[in-house]
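Colleague: Just dropping this structure here.
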Amino acid sequence: MARDVVILAYSGGLDTSVMVRWLQEKYNYDVITFTADLGQGEDLEAIRQKALRTGAKDAVVMDAKNLFVDYFIWPALMAGAVYENRYPLATALGRPLIAKLMVDLARERGAKAVAHGCTGKGNDQVRFDVTFQTLAPDLQIIAPVRDWKMTRDQAIEYAEKHGIPVEVKREKLFSIDQNLFGRSIEAGPLEDPWVEPPEEAFAWTVSPLKASDEPEYITIDFEQGRPVALNGQAMDGVALIQTLNRLGGKHGVGRIDHIENRLVGIKSREVYEAPAAVILHEAHRDLETLTLSKQAQRFKTFVSQEYADLIYNGLWFSAFHQDLAAFVASNQRYVTGSVRVKLYKGTATVVGRKSEYSLYHRSLATYEGKDLFDHEAAKGFIRLWGLQTQTQAQLQWLKSGRGFELPGLTRSQ
Ligand code: ARG
């Protein structure tokens with residue numbers, strides 16, 4: 001009799017490989033592995049073959065880079081979503097997409113369950129499980145690492161006993177997750193927040209100390225908040241991000257060292273490399289200063305924070321997200337234009353911006369030549385602007401005899 005099927009999120013690493021056997025042994029499931037290409041830069045065909053050799057009934061690999069950029073990365077960029085003002089959310093954006101594609105595959109193959117290799121103390125388990133629960137409440141969710149309590153050595157032993165190919169036996173220094181939008185580095189020496197991240201932690205960026213002495217100028221064009229061209233050349237999103245990762249990395253741009261508040265209540269020390277994300281957020285935010293009104297810009301900062309939190313906290317597939325996205329789409333209508341960024345020894349600095357919808361009106365701002373600003377009107381405006389503080393001072397501070405009650409100033413009448 002054919003067995004029920006589980007779809008396993010498969011990375012090709014030790015844990016998820018052990019899981020292929022474990023799910024058969026302990027749960028009596030046939031295993032179909034699923035691996036999404038989110039631009040992590042690994043040999044996915046090799047991973048697929050490894051899944052089959054390890055005993056998977058089928059192994060599915062899917063290029064999801066364009067989906068990732070168009071439906072996850074660009075919306076997050078347009079929203080200005082950066083968790084705790086530091087983390088551009090690469091991993092957090094990838095999880096709901098992987099989970100959604102697993103649900104699709106589960107439907108196609110009539111699977112009864114989905115499984116992943118997340119631990120019990122991270123955010124990723126939440127992002128996977130909440131997405132599964134929301135999109136497919138009937139599927140059983142299995143997270144073996146949360147339950148099996150194997151140490152790394154025990155997992156290696158299990159793998160060897162079952163003839164599962166184990167590639168890395170040596171102690172892994174860090175725990176890494178990466179995709180197009182960034183690389184996350186955790187654990188090992190980084191667990192001490194006082195210790196500077198060692199150079200071995202980094203793979204995408206050179207040390208700013210070793211970066212070129214020549215600055216490099218790049219231009220990014222945006223249309224309604226979305227990046228569309230680099231240095232004047234139209235480029236699809238995936239290529240644009242890959243190019244920016246390379247250029248930024250060459251100049252040591254995009255290293256982030258973050259003491260992060262996880263959803264599950266712990267603080268953790270997270271190091272990231274995200275050259276493209278850092279450059280794009282920097283440039284995008286700058287273009288907004290030129291094209292959004294003062295109020296729109298202010299309100300957007302609150303939306304950005306909520307947006308970042310909901311991504312981080314695994315609520316991508318939620319009505320609240322729909323609501324915020326509708327605001328962002330409206331808010332970005334005129335965020336069209338070009339930004340010039342200087343890459344130099346670990347920094348990405350915006351040095352120029354222009355837009356056909358720029359609210360910067362030179363004739364209003366200028367101190368020379370033709371000036372459209374109404375200087376007469378300023379006088380009347382200031383009379384009214386200051387009216388409330390003038391009234392309050394007269395009717396309270398002075399009338400009460402207490403004088404101007406401000407800290408650090410001596411009383412005066
Ligand atoms: N702390 C980051 C986040 O919660 C990165 C997680 C990286 N995940 C991993 N399995 N190494 O999004």
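Simple scheme: letters A, B, ... for chains in structure tokens order, numbers from 1 for residues in each chain, numbers from 1 for ligands in the order shown.
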Hey, which residues come within 10 Å of ligand 1 if we count only C-alpha atoms and all ligand atoms? Could you give them as a count of residues only?
Modeller: 46
Colleague: Applying 12 Å and only C-alpha atoms, which residues near A:Thr151 remain after dropping the ones on its own chain fewer than 5 positions away? List them as an mmCIF file with N, CA, C and O atoms, in the first residue's frame.
Modeller:
```cif
data_model
loop_
_atom_site.group_PDB
_atom_site.id
_atom_site.type_symbol
_atom_site.label_atom_id
_atom_site.label_comp_id
_atom_site.auth_asym_id
_atom_site.auth_seq_id
_atom_site.Cartn_x
_atom_site.Cartn_y
_atom_site.Cartn_z
ATOM 1 N N LEU A 14 23.094 18.684 6.896
ATOM 2 C CA LEU A 14 23.044 17.474 7.721
ATOM 3 C C LEU A 14 21.641 17.223 8.282
ATOM 4 O O LEU A 14 21.095 16.124 8.140
ATOM 5 N N ASP A 15 21.058 18.236 8.918
ATOM 6 C CA ASP A 15 19.781 18.027 9.606
ATOM 7 C C ASP A 15 18.667 17.596 8.661
ATOM 8 O O ASP A 15 17.950 16.633 8.925
ATOM 9 N N THR A 119 14.924 24.995 14.299
ATOM 10 C CA THR A 119 15.045 24.683 15.720
ATOM 11 C C THR A 119 13.878 25.311 16.482
ATOM 12 O O THR A 119 13.090 26.068 15.916
ATOM 13 N N VAL A 145 13.608 18.688 14.226
ATOM 14 C CA VAL A 145 14.703 19.211 15.052
ATOM 15 C C VAL A 145 14.166 19.729 16.383
ATOM 16 O O VAL A 145 14.827 19.659 17.420
ATOM 17 N N ARG A 146 12.949 20.234 16.345
ATOM 18 C CA ARG A 146 12.319 20.735 17.566
ATOM 19 C C ARG A 146 12.084 19.595 18.542
ATOM 20 O O ARG A 146 12.027 19.795 19.743
ATOM 21 N N ILE A 156 25.262 13.219 13.145
ATOM 22 C CA ILE A 156 26.288 12.652 12.254
ATOM 23 C C ILE A 156 26.314 11.124 12.388
ATOM 24 O O ILE A 156 26.377 10.391 11.391
ATOM 25 N N GLU A 157 26.203 10.668 13.630
ATOM 26 C CA GLU A 157 26.201 9.222 13.880
ATOM 27 C C GLU A 157 25.004 8.554 13.200
ATOM 28 O O GLU A 157 25.136 7.520 12.542
ATOM 29 N N TYR A 158 23.849 9.187 13.351
ATOM 30 C CA TYR A 158 22.624 8.675 12.721
ATOM 31 C C TYR A 158 22.813 8.609 11.201
ATOM 32 O O TYR A 158 22.470 7.627 10.555
#
```
Colleague: To one decimal place in Å, what is the distance between atom CA of A:Thr33 and atom CA of A:Met19?
Modeller: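 Result for atom CA of A:Thr33 versus atom CA of A:Met19: 10.1 Å, one decimal.
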Colleague: So how far away is atom CA of A:Arg107 from atom CA of A:Asn66, in Å?
Modeller: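 Between these atoms lies a distance of 22.1 Å.
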Colleague: Kindly give the distance, in Å, that separates atom CA of A:Val339 and atom CA of A:Leu287, rounded to a single decimal.
Modeller: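 Interatomic distance, atom CA of A:Val339 to atom CA of A:Leu287: 6.7 Å.
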Colleague: Could you check the closest approach to A:Glu273 for each of A:Asn179, A:Gln332, A:Gln305, A:Gln224 and tell me which residue wins, using only C-alpha atoms?
Modeller: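 Checking each candidate against A:Glu273, we get A:Asn179 as the closest.
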Colleague: Got a sec: who's within 12 Å of A:Ser293, counting only C-alpha atoms, leaving out chain neighbours fewer than 4 positions off, as a ChimeraX atom specification?
Modeller: /A:287-289,297-300,331-332,334-335,357-360
Colleague: Would you mind telling me which residue in A:Met62, A:Ile32, A:Leu398, A:Ala211 lies nearest to A:Leu44 when using only C-alpha atoms?
Modeller: A:Met62
Colleague: Find the residues near A:His361: any atom within 12 Å, counting only C-alpha atoms, skip ones fewer than 6 places away on the same chain, and give them as number ranges by chain.
Modeller: A: 290-291, 354-355, 370-373
Colleague: Suppose we keep N, CA and C atoms; can you now write the selection as a PDB file, in the first residue's frame?
Modeller:
```pdb
ATOM      1  N   LEU A 290      12.828  63.443  -1.527  1.00  0.00           N
ATOM      2  CA  LEU A 290      12.636  64.396  -2.618  1.00  0.00           C
ATOM      3  C   LEU A 290      11.191  64.399  -3.125  1.00  0.00           C
ATOM      4  N   THR A 291      10.511  63.258  -2.995  1.00  0.00           N
ATOM      5  CA  THR A 291       9.226  63.098  -3.688  1.00  0.00           C
ATOM      6  C   THR A 291       8.011  62.956  -2.782  1.00  0.00           C
ATOM      7  N   LYS A 354      17.453  62.968  -8.278  1.00  0.00           N
ATOM      8  CA  LYS A 354      16.602  63.799  -9.112  1.00  0.00           C
ATOM      9  C   LYS A 354      15.328  63.039  -9.454  1.00  0.00           C
ATOM     10  N   SER A 355      14.263  63.802  -9.730  1.00  0.00           N
ATOM     11  CA  SER A 355      12.988  63.177 -10.051  1.00  0.00           C
ATOM     12  C   SER A 355      12.133  64.128 -10.853  1.00  0.00           C
ATOM     13  N   LYS A 370      16.294  84.414  -9.157  1.00  0.00           N
ATOM     14  CA  LYS A 370      14.834  84.515  -9.166  1.00  0.00           C
ATOM     15  C   LYS A 370      14.233  83.718  -7.999  1.00  0.00           C
ATOM     16  N   ASP A 371      13.581  84.412  -7.114  1.00  0.00           N
ATOM     17  CA  ASP A 371      13.068  83.815  -5.893  1.00  0.00           C
ATOM     18  C   ASP A 371      11.549  83.929  -5.883  1.00  0.00           C
ATOM     19  N   LEU A 372      10.857  82.799  -5.837  1.00  0.00           N
ATOM     20  CA  LEU A 372       9.392  82.810  -5.858  1.00  0.00           C
ATOM     21  C   LEU A 372       8.782  82.854  -4.464  1.00  0.00           C
ATOM     22  N   PHE A 373       9.614  82.633  -3.455  1.00  0.00           N
ATOM     23  CA  PHE A 373       9.095  82.552  -2.098  1.00  0.00           C
ATOM     24  C   PHE A 373       8.570  83.924  -1.648  1.00  0.00           C
TER      25      PHE A 373
END
```
Colleague: Taking the backbone alone, and naming residues the way the document does, which bits of stretch 148-341 of chain A are strand (DSSP E or B) by DSSP, as an MDAnalysis selection string?
Modeller: chainID A and resid 175:179 182:186 216:223 226:230 233:234 255:261 267:273 337:341
Colleague: Let me see the file: selected residues, N, CA and C atoms, as a compact mmCIF listing (two decimals), in the first residue's frame.
Modeller:
```txt
# COMPACT_ATOMS: atom_id res chain seq x y z
N SER A 175 26.56 29.42 11.97
CA SER A 175 25.32 28.97 11.35
C SER A 175 24.92 30.03 10.32
N ILE A 176 24.74 29.59 9.07
CA ILE A 176 24.58 30.53 7.98
C ILE A 176 23.25 30.32 7.26
N ASP A 177 22.61 31.38 6.89
CA ASP A 177 21.48 31.28 5.97
C ASP A 177 21.63 32.40 4.96
N GLN A 178 21.42 32.09 3.67
CA GLN A 178 21.59 33.18 2.70
C GLN A 178 20.63 33.07 1.54
N ASN A 179 20.32 34.23 0.99
CA ASN A 179 19.55 34.31 -0.26
C ASN A 179 19.95 35.62 -0.93
N GLY A 182 20.51 38.81 1.22
CA GLY A 182 21.45 38.94 2.32
C GLY A 182 21.90 37.61 2.87
N ARG A 183 22.93 37.68 3.69
CA ARG A 183 23.53 36.51 4.29
C ARG A 183 23.52 36.73 5.80
N SER A 184 23.04 35.72 6.52
CA SER A 184 22.97 35.84 7.98
C SER A 184 23.99 34.90 8.61
N ILE A 185 24.72 35.41 9.58
CA ILE A 185 25.77 34.62 10.22
C ILE A 185 25.52 34.65 11.73
N GLU A 186 25.44 33.47 12.32
CA GLU A 186 25.14 33.38 13.75
C GLU A 186 26.08 32.39 14.41
N GLU A 216 33.54 54.50 -5.89
CA GLU A 216 32.82 54.15 -7.11
C GLU A 216 31.43 54.77 -7.05
N TYR A 217 31.05 55.44 -8.13
CA TYR A 217 29.72 56.06 -8.18
C TYR A 217 28.77 55.21 -8.99
N ILE A 218 27.59 54.98 -8.44
CA ILE A 218 26.58 54.24 -9.20
C ILE A 218 25.27 55.04 -9.20
N THR A 219 24.44 54.78 -10.21
CA THR A 219 23.14 55.44 -10.29
C THR A 219 22.06 54.36 -10.31
N ILE A 220 21.06 54.53 -9.47
CA ILE A 220 19.93 53.59 -9.45
C ILE A 220 18.67 54.36 -9.83
N ASP A 221 17.93 53.83 -10.81
CA ASP A 221 16.66 54.45 -11.21
C ASP A 221 15.50 53.70 -10.56
N PHE A 222 14.54 54.46 -10.05
CA PHE A 222 13.35 53.86 -9.46
C PHE A 222 12.12 54.29 -10.23
N GLU A 223 11.14 53.39 -10.30
CA GLU A 223 9.83 53.75 -10.84
C GLU A 223 8.78 53.35 -9.83
N ARG A 226 10.06 51.17 -7.18
CA ARG A 226 10.75 49.92 -7.57
C ARG A 226 12.02 50.22 -8.35
N PRO A 227 13.14 49.58 -8.02
CA PRO A 227 14.36 49.79 -8.80
C PRO A 227 14.20 49.17 -10.19
N VAL A 228 14.56 49.92 -11.22
CA VAL A 228 14.39 49.40 -12.58
C VAL A 228 15.67 49.44 -13.42
N ALA A 229 16.65 50.23 -12.99
CA ALA A 229 17.86 50.32 -13.81
C ALA A 229 19.07 50.64 -12.93
N LEU A 230 20.23 50.20 -13.43
CA LEU A 230 21.49 50.48 -12.74
C LEU A 230 22.44 51.12 -13.74
N GLN A 233 21.20 51.48 -17.22
CA GLN A 233 20.81 50.27 -17.98
C GLN A 233 19.64 49.59 -17.31
N ALA A 234 18.55 49.41 -18.08
CA ALA A 234 17.40 48.69 -17.54
C ALA A 234 17.85 47.29 -17.16
N ARG A 255 27.92 45.36 5.87
CA ARG A 255 28.12 44.56 7.07
C ARG A 255 27.28 45.14 8.20
N ILE A 256 26.56 44.27 8.87
CA ILE A 256 25.65 44.72 9.93
C ILE A 256 25.88 43.84 11.16
N ASP A 257 25.98 44.46 12.31
CA ASP A 257 26.19 43.73 13.57
C ASP A 257 25.06 44.14 14.50
N HIS A 258 24.17 43.21 14.79
CA HIS A 258 22.88 43.56 15.37
C HIS A 258 22.57 42.69 16.59
N ILE A 259 22.31 43.30 17.72
CA ILE A 259 21.75 42.57 18.86
C ILE A 259 20.25 42.64 18.66
N GLU A 260 19.69 41.49 18.32
CA GLU A 260 18.33 41.46 17.76
C GLU A 260 17.33 40.88 18.75
N ASN A 261 16.13 41.44 18.78
CA ASN A 261 15.07 40.91 19.64
C ASN A 261 14.25 39.90 18.86
N LYS A 267 17.19 37.76 23.14
CA LYS A 267 18.06 38.61 22.33
C LYS A 267 19.13 37.71 21.72
N SER A 268 19.47 37.95 20.48
CA SER A 268 20.55 37.18 19.89
C SER A 268 21.47 38.13 19.12
N ARG A 269 22.71 37.67 18.96
CA ARG A 269 23.68 38.47 18.24
C ARG A 269 23.70 37.97 16.80
N GLU A 270 23.33 38.85 15.89
CA GLU A 270 23.21 38.47 14.49
C GLU A 270 24.13 39.35 13.65
N VAL A 271 24.89 38.71 12.79
CA VAL A 271 25.73 39.47 11.87
C VAL A 271 25.20 39.23 10.46
N TYR A 272 25.12 40.28 9.68
CA TYR A 272 24.60 40.15 8.32
C TYR A 272 25.57 40.78 7.32
N GLU A 273 25.50 40.25 6.11
CA GLU A 273 26.10 40.94 4.98
C GLU A 273 24.99 41.13 3.97
N GLY A 337 12.51 58.25 -10.03
CA GLY A 337 13.66 59.13 -10.25
C GLY A 337 14.96 58.38 -10.12
N SER A 338 16.05 59.14 -10.01
CA SER A 338 17.38 58.54 -9.98
C SER A 338 18.14 58.98 -8.74
N VAL A 339 18.94 58.06 -8.24
CA VAL A 339 19.75 58.36 -7.07
C VAL A 339 21.20 57.98 -7.37
N ARG A 340 22.10 58.88 -7.01
CA ARG A 340 23.53 58.61 -7.23
C ARG A 340 24.15 58.25 -5.88
N VAL A 341 24.81 57.12 -5.85
CA VAL A 341 25.37 56.62 -4.60
C VAL A 341 26.88 56.44 -4.75
```
Colleague: Point out the residue among A:Phe317, A:Gln24, A:Asp323, A:Val82 with the least atom-to-atom distance to A:Phe128, counting only C-alpha atoms.
Modeller: A:Phe317
Colleague: Can you tell me, as JSON, numbers by chain, what residues are no more than 6 Å from stretch 198-208 of chain A when counting only C-alpha atoms, ignoring any on the same chain fewer than 5 positions away?
Modeller: {"A": [249, 250, 252, 345, 346]}
Colleague: Using only C-alpha atoms, determine which residues lie at most 10 Å from A:Thr347, disregarding the query and same-chain residues fewer than 3 positions distant; provide the list as a ChimeraX atom specification.
Modeller: /A:208,215,248,251-255,275,278-279,341-344,350
Colleague: Using only C-alpha atoms for the distances, tell me which of A:Val6, A:Leu52, A:Pro75, A:Pro96 is nearest to A:Ser318.
Modeller: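 Counting only C-alpha atoms, the residue closest to A:Ser318 is A:Pro96.
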Colleague: Neighbouring residues of A:Gln394 were defined as those with any atom within 12 Å, considering only C-alpha atoms; residues of the same chain fewer than 6 positions away were excluded. Please report them as a list in words.
Modeller: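 In the requested format, the answer is Leu387, Gln388, Ser400, Gly401, Arg402, Gly403, Phe404 and Gln413 of chain A.
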Colleague: Can I get the selected residues back with all heavy atoms, as a compact mmCIF listing (two decimals), in the first residue's frame?
Modeller:
```txt
# COMPACT_ATOMS: atom_id res chain seq x y z
N LEU A 387 1.29 82.22 17.89
CA LEU A 387 0.21 82.75 18.71
C LEU A 387 -0.08 81.88 19.94
O LEU A 387 -0.29 82.38 21.04
CB LEU A 387 -1.06 82.88 17.84
CG LEU A 387 -2.24 83.60 18.49
CD1 LEU A 387 -1.87 85.01 18.94
CD2 LEU A 387 -3.42 83.66 17.50
N GLN A 388 -0.06 80.59 19.78
CA GLN A 388 -0.43 79.73 20.92
C GLN A 388 0.62 79.78 22.04
O GLN A 388 0.27 79.81 23.22
CB GLN A 388 -0.71 78.30 20.48
CG GLN A 388 0.39 77.67 19.68
CD GLN A 388 0.14 76.18 19.46
OE1 GLN A 388 -0.50 75.53 20.27
NE2 GLN A 388 0.66 75.66 18.37
N SER A 400 0.80 83.84 36.48
CA SER A 400 0.95 83.11 37.73
C SER A 400 2.12 83.62 38.54
O SER A 400 2.30 83.22 39.70
CB SER A 400 1.16 81.63 37.44
OG SER A 400 2.44 81.45 36.83
N GLY A 401 2.97 84.42 37.95
CA GLY A 401 4.14 84.91 38.65
C GLY A 401 5.27 83.88 38.72
O GLY A 401 6.29 84.10 39.33
N ARG A 402 5.10 82.74 38.09
CA ARG A 402 6.16 81.73 38.16
C ARG A 402 7.23 81.93 37.10
O ARG A 402 8.24 81.26 37.12
CB ARG A 402 5.56 80.33 37.98
CG ARG A 402 4.66 79.91 39.12
CD ARG A 402 4.51 78.40 39.14
NE ARG A 402 3.39 78.02 39.98
CZ ARG A 402 2.19 77.66 39.51
NH1 ARG A 402 1.99 77.57 38.21
NH2 ARG A 402 1.22 77.36 40.34
N GLY A 403 6.98 82.80 36.16
CA GLY A 403 7.97 83.04 35.11
C GLY A 403 8.01 81.92 34.10
O GLY A 403 7.13 81.08 34.04
N PHE A 404 9.06 81.91 33.30
CA PHE A 404 9.19 80.91 32.24
C PHE A 404 9.72 79.61 32.84
O PHE A 404 10.90 79.49 33.11
CB PHE A 404 10.12 81.43 31.14
CG PHE A 404 9.61 82.70 30.52
CD1 PHE A 404 10.21 83.93 30.81
CD2 PHE A 404 8.49 82.67 29.69
CE1 PHE A 404 9.72 85.10 30.25
CE2 PHE A 404 8.01 83.85 29.13
CZ PHE A 404 8.61 85.07 29.41
N GLN A 413 11.07 87.33 34.76
CA GLN A 413 9.68 87.78 34.55
C GLN A 413 9.54 88.40 33.19
O GLN A 413 10.13 89.35 32.86
CB GLN A 413 9.30 88.79 35.66
CG GLN A 413 9.21 88.15 37.01
CD GLN A 413 7.95 87.36 37.21
OE1 GLN A 413 6.92 87.68 36.65
NE2 GLN A 413 8.00 86.31 38.01
```
Colleague: Go through A:Lys57, A:Leu38, A:Tyr27, A:Phe320 and flag the residue nearest A:Gln242, using only C-alpha atoms for the distances.
Modeller: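 Ranking A:Lys57, A:Leu38, A:Tyr27, A:Phe320 by distance to A:Gln242, first place goes to A:Leu38.
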Colleague: Name the residues of stretch 27-236 of chain A that fall into alpha helix (DSSP H) according to DSSP on the backbone, using the chain letters and numbers of this document, as a PyMOL selection string.
Modeller: chain A and resi 27+44-54+65-68+74-79+90-109+124-135+144-148+152-161
